[in-house]
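Student: Take this structure first; my questions come after.
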Amino acid sequence: MSVRGPGTIAALCLRCLVVLAGVNVVGLGIAAAALGQERTGSGLMVALAYLPYALLVAIVPVGVVGFPAGLLTARLLAGVSRELVHVLVFALVGAVLSVALCAWWGMLDIAGWSWIVAAAEGAVGAGGARWWTGRAHARKVRWSDAQGAALPWGRIGA
């Protein structure tokens, strides 16, 4: 399966933003509820209030750094047919780029959880978006029953 080309990688970057939005809303909601933000509203309301800020912060790195990195990563993985390898490599690239960008902007402490959070954001965003893009691409491609049975996730669609 081929998930390459500027259009496909641009769609992957948009999916990355959707994945990051979902993960951040859930994470911020849980954090707000755990920290006792009941007096300012529910955890979900606090998360939704911070969502535009989180997306604005994510749009530039995903577009400026993630798009070219996605093109390069997809080209380097052109000969690899296993979908799981693609998802894991995209997750690794996302984690490394997220930590590198946060370190470059001075957003990380020398010690603490910020490194892990930055790596998790990048890995979940890029890996989740690559998985989603692969699944969407697999739905468009007509597989024979034998080809579909050979896929790691089985045949998708009719």
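Ordering of the structure tokens sets the chain letters (A, B, ...), residue numbers begin anew at 1 in every chain, and ligands are numbered from 1 in the order given.
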Do you know which residues are at most 12 Å from Gly27 of chain A counting only C-alpha atoms, after dropping those on the same chain fewer than 3 positions away, and could you put them as JSON, numbers by chain?
Tutor: {"A": [20, 21, 22, 23, 24, 30, 31, 32, 33, 34, 43, 44, 46, 47, 48, 50, 51, 54, 117, 120, 121]}
Student: Between A:Arg4, A:Leu101, A:Trp113, A:Ile59, which residue has the minimum interatomic distance to Thr73 of chain A, considering only C-alpha atoms?
Tutor: A:Arg4
Student: Can you tell me which residues surround Val96 of chain A at a distance of at most 9 Å, considering only C-alpha atoms, apart from same-chain residues fewer than 6 positions away, and format the answer as a ChimeraX atom specification?
Tutor: /A:118-119,122-123
Student: Quick one, how far is atom CA of Arg82 of chain A from atom CA of Gly128 of chain A?
Tutor: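 Between these atoms lies a distance of 15.8 Å.
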Student: Using only C-alpha atoms, find the one residue out of A:Leu71, A:Met45, A:Leu88, A:Ala136 that sits nearest to Gly7 of chain A.
Tutor: A:Leu71
Student: Could you give me, as JSON, numbers by chain, the residues within 8 Å of Val87 of chain A, counting only C-alpha atoms and dropping anything in the same chain fewer than 5 positions from it?
Tutor: {"A": [127, 128, 130, 131]}
Student: Pull N, CA, C and O atoms from the residues just selected and write them as a JSON list (two decimals), in the first residue's frame.
Tutor:
```json
[["chain", "number", "residue", "atom", "x", "y", "z"],
["A", 127, "GLY", "N", 1.91, 9.03, 14.79],
["A", 127, "GLY", "CA", 1.59, 7.62, 14.65],
["A", 127, "GLY", "C", 0.10, 7.38, 14.44],
["A", 127, "GLY", "O", -0.30, 6.59, 13.59],
["A", 128, "GLY", "N", -0.71, 8.08, 15.22],
["A", 128, "GLY", "CA", -2.16, 7.95, 15.07],
["A", 128, "GLY", "C", -2.64, 8.44, 13.72],
["A", 128, "GLY", "O", -3.50, 7.83, 13.08],
["A", 130, "ARG", "N", -0.84, 8.50, 10.96],
["A", 130, "ARG", "CA", -0.37, 7.56, 9.92],
["A", 130, "ARG", "C", -1.24, 6.31, 9.90],
["A", 130, "ARG", "O", -1.59, 5.79, 8.85],
["A", 131, "TRP", "N", -1.64, 5.84, 11.08],
["A", 131, "TRP", "CA", -2.54, 4.68, 11.15],
["A", 131, "TRP", "C", -3.87, 5.01, 10.49],
["A", 131, "TRP", "O", -4.40, 4.25, 9.69]]
```
Student: Do you know which residues are at most 10 Å from Pro68 of chain A counting only C-alpha atoms, after dropping those on the same chain fewer than 5 positions away, and could you put them as a PyMOL selection string?
Tutor: chain A and resi 6+9-10+62-63+73-74
Student: Write out as an MDAnalysis selection string all residues of segment 20-88 of chain A that backbone DSSP assigns to alpha helix (DSSP H).
Tutor: chainID A and resid 20:34 43:61 67:76 83:88
